Amino acid sequence: MKTLLLTALALLSLTITQAQTRDSTKTKATQQANPNDRRNGFETYQSTNQIIGQGPNGMINTIDHRYEGLRGTPYFLPDWNKGQIEMTAGQNYTNVPIKFNAYQQQLMLLRTWAGSDSIIVEPSLVKRFTLKNNEGQTYLFERLPNAKTSDQVIKDGYFLVLYEGKTVLLKRIAKTFKPADYKNPYSNDVRYDAFRDAFSYYLLKPDQTLTKVKLSDKSIIDALGDKKDELKAFVKQENLYFKTDNDAITLVKKYDSL
């Protein structure tokens with residue numbers, strides 16, 4: 001049994017090594033927006049009276065303890081979780097530790113058999129992957145390189161599959177980064193850097209047309225295009241308010257059943 005497992009892990013390593021990229025979470029990501037640049041506490045101010053009152057010099061370097069660090073995470077789930085990766089070439093790898101970097105739209109793999117080195121799996125090699133949170137909830141992410149859309153950025157990313165039937169309801173899990181803003185008199189006095197969720201929703205039709213929608217009955221019904229009267233009556237009957245993803249899932253399921 002151990003021989004089979006080691007062989008499977010070795011094959012996974014060989015499959016993605018040719019197109020893999022080393023995990024840039026600690027280097028490349030911070031080059032784009034490095035929240036640690038201010039962690040040493042040294043800041044440059046326009047005049048001394050911003051910090052200690054009027055002084056003899058127009059420019060000083062001083063220690064500023066106002067920075068409050070980083071809030072949030074670039075990852076969909078912050079911890080490594082055992083998951084499954086289905087490759088475009090047909091390989092299927094199970095029970096491997098993975099993370100999804102939603103900020104950079106990268107699937108990361110922890111190679112425990114290679115000194116716990118983490119790598120970024122080349123997106124073109126991945127068809128879909130699944131992972132579970134600590135409560136056991138499963139999340140399925142999929143790439144849609146053949147979707148009919150003019151947005152290449154969207155096509156190169158991953159989508160969380162909320163419902164998969166004749167019509168597919170998708171949620172794009174992304175993150176934005178907002179740096180601290182407290183250095184000058186006209187700042188917003190935000191003393192921390194932050195990663196924030198940025199969600200968007202899409203419908204994928206049988207002809208592979210990908211349409212962006214809002215989390216509302218009107219937007220989804222308009223995007224579906226037909227059976228509008230039946231769907232509107234269903235929303236009213238079921239008291240769907242679209243405060244959660246489940247209401248959107250319920251509506252699309254109903255559409256597929258009509």
# chains A, B, ... in the order shown; residues from 1 in each chain; ligands from 1
>>> select_by_dssp(residues="region 46-187 of chain A", states="alpha helix (DSSP H)", output="VMD selection string")
chain A and resid 152 to 155
>>> write_last_selection(atoms="N, CA and C atoms", output="compact mmCIF listing (two decimals), in the first residue's frame")
# COMPACT_ATOMS: atom_id res chain seq x y z
N GLN A 152 -10.73 37.85 -20.62
CA GLN A 152 -9.68 36.84 -20.52
C GLN A 152 -9.26 36.63 -19.08
N VAL A 153 -9.30 37.67 -18.26
CA VAL A 153 -8.93 37.53 -16.85
C VAL A 153 -9.85 36.53 -16.16
N ILE A 154 -11.13 36.62 -16.47
CA ILE A 154 -12.10 35.68 -15.89
C ILE A 154 -11.81 34.26 -16.37
N LYS A 155 -11.51 34.08 -17.63
CA LYS A 155 -11.27 32.75 -18.18
C LYS A 155 -10.03 32.10 -17.58
>>> closest_atom_pairs(of="region 106-200 of chain A", to="region 222-237 of chain A", cutoff="12 Å", atoms="only C-alpha atoms", output="tab-separated table")
residue	atom	partner	partner_atom	distance
A:Lys166	CA	A:Leu224	CA	11.6
A:Thr167	CA	A:Leu224	CA	8.9
A:Val168	CA	A:Leu224	CA	10.9
A:Leu169	CA	A:Leu224	CA	10.9
>>> write_last_selection(atoms="N, CA and C atoms", output="mmCIF file, in the first residue's frame")
data_model
loop_
_atom_site.group_PDB
_atom_site.id
_atom_site.type_symbol
_atom_site.label_atom_id
_atom_site.label_comp_id
_atom_site.auth_asym_id
_atom_site.auth_seq_id
_atom_site.Cartn_x
_atom_site.Cartn_y
_atom_site.Cartn_z
ATOM 1 N N LYS A 166 -28.184 21.546 -15.956
ATOM 2 C CA LYS A 166 -28.162 22.027 -17.345
ATOM 3 C C LYS A 166 -27.606 23.450 -17.378
ATOM 4 N N THR A 167 -27.987 24.217 -16.389
ATOM 5 C CA THR A 167 -27.431 25.548 -16.173
ATOM 6 C C THR A 167 -26.511 25.463 -14.957
ATOM 7 N N VAL A 168 -25.417 26.198 -14.999
ATOM 8 C CA VAL A 168 -24.446 26.163 -13.902
ATOM 9 C C VAL A 168 -24.388 27.538 -13.248
ATOM 10 N N LEU A 169 -24.503 27.549 -11.922
ATOM 11 C CA LEU A 169 -24.377 28.789 -11.156
ATOM 12 C C LEU A 169 -22.996 28.817 -10.519
#
>>> atom_distance(atom1="CA of Phe141 (chain A)", atom2="CA of Leu70 (chain A)")
26.9 Å
>>> closest_residue(among="A:Lys212, A:Thr176, A:Leu170, A:Arg111", to="Asp151 (chain A)", atoms="only C-alpha atoms")
A:Lys212
>>> atom_distance(atom1="CA of Leu107 (chain A)", atom2="CA of Ile120 (chain A)")
5.8 Å
>>> closest_residue(among="A:Trp80, A:Tyr75, A:Tyr67, A:Phe159", to="Glu142 (chain A)", atoms="only C-alpha atoms")
A:Phe159
>>> atom_distance(atom1="CA of Gln208 (chain A)", atom2="CA of Ser150 (chain A)")
12.6 Å
>>> closest_atom_pairs(of="region 80-140 of chain A", to="region 190-195 of chain A", cutoff="12 Å", atoms="only C-alpha atoms", output="JSON lines")
{"residue": "A:Asn101", "atom": "CA", "partner": "A:Phe195", "partner_atom": "CA", "distance": 11.5}
{"residue": "A:Ala102", "atom": "CA", "partner": "A:Phe195", "partner_atom": "CA", "distance": 10.1}
{"residue": "A:Tyr103", "atom": "CA", "partner": "A:Phe195", "partner_atom": "CA", "distance": 8.2}
{"residue": "A:Gln104", "atom": "CA", "partner": "A:Phe195", "partner_atom": "CA", "distance": 11.7}
>>> closest_residue(among="A:Val213, A:Thr94, A:Gly165, A:Leu125", to="Ser257 (chain A)", atoms="only C-alpha atoms")
A:Gly165
>>> residues_around(residues="Val96 (chain A)", least_positions_apart="4", cutoff="12 Å", atoms="only C-alpha atoms", output="ChimeraX atom specification")
/A:5,8-9,12-13,80-86,92,108-113,116,118,129-132
>>> decode(residues="region 118-153 of chain A", atoms="N, CA and C atoms", output="PDB file, in the first residue's frame")
ATOM      1  N   SER A 118       6.197  24.094  -1.027  1.00  0.00           N
ATOM      2  CA  SER A 118       4.928  24.432  -1.661  1.00  0.00           C
ATOM      3  C   SER A 118       5.179  24.998  -3.050  1.00  0.00           C
ATOM      4  N   ILE A 119       4.338  24.609  -3.985  1.00  0.00           N
ATOM      5  CA  ILE A 119       4.454  25.066  -5.363  1.00  0.00           C
ATOM      6  C   ILE A 119       3.109  25.596  -5.835  1.00  0.00           C
ATOM      7  N   ILE A 120       3.137  26.357  -6.909  1.00  0.00           N
ATOM      8  CA  ILE A 120       1.931  26.853  -7.559  1.00  0.00           C
ATOM      9  C   ILE A 120       1.694  26.000  -8.800  1.00  0.00           C
ATOM     10  N   VAL A 121       0.537  25.359  -8.862  1.00  0.00           N
ATOM     11  CA  VAL A 121       0.232  24.482  -9.984  1.00  0.00           C
ATOM     12  C   VAL A 121      -0.172  25.324 -11.192  1.00  0.00           C
ATOM     13  N   GLU A 122       0.441  25.048 -12.311  1.00  0.00           N
ATOM     14  CA  GLU A 122       0.129  25.762 -13.548  1.00  0.00           C
ATOM     15  C   GLU A 122      -1.363  25.624 -13.863  1.00  0.00           C
ATOM     16  N   PRO A 123      -2.099  26.742 -13.979  1.00  0.00           N
ATOM     17  CA  PRO A 123      -3.554  26.669 -14.182  1.00  0.00           C
ATOM     18  C   PRO A 123      -3.983  25.855 -15.393  1.00  0.00           C
ATOM     19  N   SER A 124      -3.218  25.918 -16.474  1.00  0.00           N
ATOM     20  CA  SER A 124      -3.621  25.210 -17.692  1.00  0.00           C
ATOM     21  C   SER A 124      -3.626  23.697 -17.505  1.00  0.00           C
ATOM     22  N   LEU A 125      -2.975  23.205 -16.437  1.00  0.00           N
ATOM     23  CA  LEU A 125      -2.953  21.771 -16.170  1.00  0.00           C
ATOM     24  C   LEU A 125      -4.135  21.316 -15.323  1.00  0.00           C
ATOM     25  N   VAL A 126      -4.870  22.282 -14.750  1.00  0.00           N
ATOM     26  CA  VAL A 126      -5.928  21.958 -13.794  1.00  0.00           C
ATOM     27  C   VAL A 126      -7.289  22.078 -14.461  1.00  0.00           C
ATOM     28  N   LYS A 127      -8.106  21.034 -14.312  1.00  0.00           N
ATOM     29  CA  LYS A 127      -9.494  21.088 -14.766  1.00  0.00           C
ATOM     30  C   LYS A 127     -10.391  21.563 -13.633  1.00  0.00           C
ATOM     31  N   ARG A 128     -10.243  20.935 -12.457  1.00  0.00           N
ATOM     32  CA  ARG A 128     -11.003  21.314 -11.278  1.00  0.00           C
ATOM     33  C   ARG A 128     -10.298  20.791 -10.034  1.00  0.00           C
ATOM     34  N   PHE A 129     -10.671  21.355  -8.892  1.00  0.00           N
ATOM     35  CA  PHE A 129     -10.164  20.835  -7.628  1.00  0.00           C
ATOM     36  C   PHE A 129     -11.222  21.016  -6.552  1.00  0.00           C
ATOM     37  N   THR A 130     -11.143  20.176  -5.530  1.00  0.00           N
ATOM     38  CA  THR A 130     -12.053  20.272  -4.391  1.00  0.00           C
ATOM     39  C   THR A 130     -11.248  20.315  -3.110  1.00  0.00           C
ATOM     40  N   LEU A 131     -11.781  21.006  -2.114  1.00  0.00           N
ATOM     41  CA  LEU A 131     -11.173  21.016  -0.788  1.00  0.00           C
ATOM     42  C   LEU A 131     -12.267  21.115   0.263  1.00  0.00           C
ATOM     43  N   LYS A 132     -11.914  20.788   1.501  1.00  0.00           N
ATOM     44  CA  LYS A 132     -12.867  20.825   2.596  1.00  0.00           C
ATOM     45  C   LYS A 132     -12.370  21.764   3.679  1.00  0.00           C
ATOM     46  N   ASN A 133     -13.331  22.429   4.353  1.00  0.00           N
ATOM     47  CA  ASN A 133     -12.955  23.254   5.498  1.00  0.00           C
ATOM     48  C   ASN A 133     -12.933  22.393   6.751  1.00  0.00           C
ATOM     49  N   ASN A 134     -12.659  23.010   7.888  1.00  0.00           N
ATOM     50  CA  ASN A 134     -12.539  22.260   9.134  1.00  0.00           C
ATOM     51  C   ASN A 134     -13.854  21.640   9.589  1.00  0.00           C
ATOM     52  N   GLU A 135     -14.972  22.145   9.078  1.00  0.00           N
ATOM     53  CA  GLU A 135     -16.281  21.595   9.428  1.00  0.00           C
ATOM     54  C   GLU A 135     -16.716  20.488   8.460  1.00  0.00           C
ATOM     55  N   GLY A 136     -15.877  20.196   7.472  1.00  0.00           N
ATOM     56  CA  GLY A 136     -16.187  19.125   6.544  1.00  0.00           C
ATOM     57  C   GLY A 136     -16.958  19.551   5.307  1.00  0.00           C
ATOM     58  N   GLN A 137     -17.213  20.856   5.142  1.00  0.00           N
ATOM     59  CA  GLN A 137     -17.921  21.320   3.959  1.00  0.00           C
ATOM     60  C   GLN A 137     -17.007  21.272   2.743  1.00  0.00           C
ATOM     61  N   THR A 138     -17.528  20.742   1.648  1.00  0.00           N
ATOM     62  CA  THR A 138     -16.733  20.571   0.434  1.00  0.00           C
ATOM     63  C   THR A 138     -16.970  21.727  -0.540  1.00  0.00           C
ATOM     64  N   TYR A 139     -15.904  22.204  -1.152  1.00  0.00           N
ATOM     65  CA  TYR A 139     -15.967  23.272  -2.142  1.00  0.00           C
ATOM     66  C   TYR A 139     -15.346  22.766  -3.442  1.00  0.00           C
ATOM     67  N   LEU A 140     -16.061  22.958  -4.527  1.00  0.00           N
ATOM     68  CA  LEU A 140     -15.583  22.556  -5.848  1.00  0.00           C
ATOM     69  C   LEU A 140     -15.254  23.792  -6.671  1.00  0.00           C
ATOM     70  N   PHE A 141     -14.012  23.872  -7.138  1.00  0.00           N
ATOM     71  CA  PHE A 141     -13.567  24.971  -7.994  1.00  0.00           C
ATOM     72  C   PHE A 141     -13.248  24.415  -9.377  1.00  0.00           C
ATOM     73  N   GLU A 142     -13.553  25.215 -10.392  1.00  0.00           N
ATOM     74  CA  GLU A 142     -13.375  24.752 -11.767  1.00  0.00           C
ATOM     75  C   GLU A 142     -12.853  25.884 -12.635  1.00  0.00           C
ATOM     76  N   ARG A 143     -12.049  25.523 -13.628  1.00  0.00           N
ATOM     77  CA  ARG A 143     -11.612  26.476 -14.642  1.00  0.00           C
ATOM     78  C   ARG A 143     -12.505  26.347 -15.862  1.00  0.00           C
ATOM     79  N   LEU A 144     -12.704  27.477 -16.575  1.00  0.00           N
ATOM     80  CA  LEU A 144     -13.598  27.489 -17.734  1.00  0.00           C
ATOM     81  C   LEU A 144     -12.886  28.113 -18.937  1.00  0.00           C
ATOM     82  N   PRO A 145     -11.831  27.471 -19.425  1.00  0.00           N
ATOM     83  CA  PRO A 145     -11.084  28.061 -20.548  1.00  0.00           C
ATOM     84  C   PRO A 145     -11.878  28.145 -21.837  1.00  0.00           C
ATOM     85  N   ASN A 146     -12.954  27.360 -21.963  1.00  0.00           N
ATOM     86  CA  ASN A 146     -13.742  27.356 -23.195  1.00  0.00           C
ATOM     87  C   ASN A 146     -15.029  28.176 -23.087  1.00  0.00           C
ATOM     88  N   ALA A 147     -15.201  28.873 -21.974  1.00  0.00           N
ATOM     89  CA  ALA A 147     -16.407  29.683 -21.811  1.00  0.00           C
ATOM     90  C   ALA A 147     -16.429  30.820 -22.831  1.00  0.00           C
ATOM     91  N   LYS A 148     -17.633  31.165 -23.263  1.00  0.00           N
ATOM     92  CA  LYS A 148     -17.799  32.250 -24.236  1.00  0.00           C
ATOM     93  C   LYS A 148     -17.913  33.575 -23.497  1.00  0.00           C
ATOM     94  N   THR A 149     -16.791  34.248 -23.371  1.00  0.00           N
ATOM     95  CA  THR A 149     -16.728  35.560 -22.743  1.00  0.00           C
ATOM     96  C   THR A 149     -15.515  36.291 -23.285  1.00  0.00           C
ATOM     97  N   SER A 150     -15.601  37.599 -23.335  1.00  0.00           N
ATOM     98  CA  SER A 150     -14.485  38.401 -23.832  1.00  0.00           C
ATOM     99  C   SER A 150     -13.502  38.759 -22.727  1.00  0.00           C
ATOM    100  N   ASP A 151     -13.823  38.390 -21.488  1.00  0.00           N
ATOM    101  CA  ASP A 151     -12.977  38.741 -20.346  1.00  0.00           C
ATOM    102  C   ASP A 151     -11.942  37.640 -20.126  1.00  0.00           C
ATOM    103  N   GLN A 152     -10.729  37.854 -20.615  1.00  0.00           N
ATOM    104  CA  GLN A 152      -9.683  36.841 -20.518  1.00  0.00           C
ATOM    105  C   GLN A 152      -9.255  36.628 -19.076  1.00  0.00           C
ATOM    106  N   VAL A 153      -9.301  37.667 -18.263  1.00  0.00           N
ATOM    107  CA  VAL A 153      -8.933  37.528 -16.854  1.00  0.00           C
ATOM    108  C   VAL A 153      -9.847  36.530 -16.162  1.00  0.00           C
TER     109      VAL A 153
END
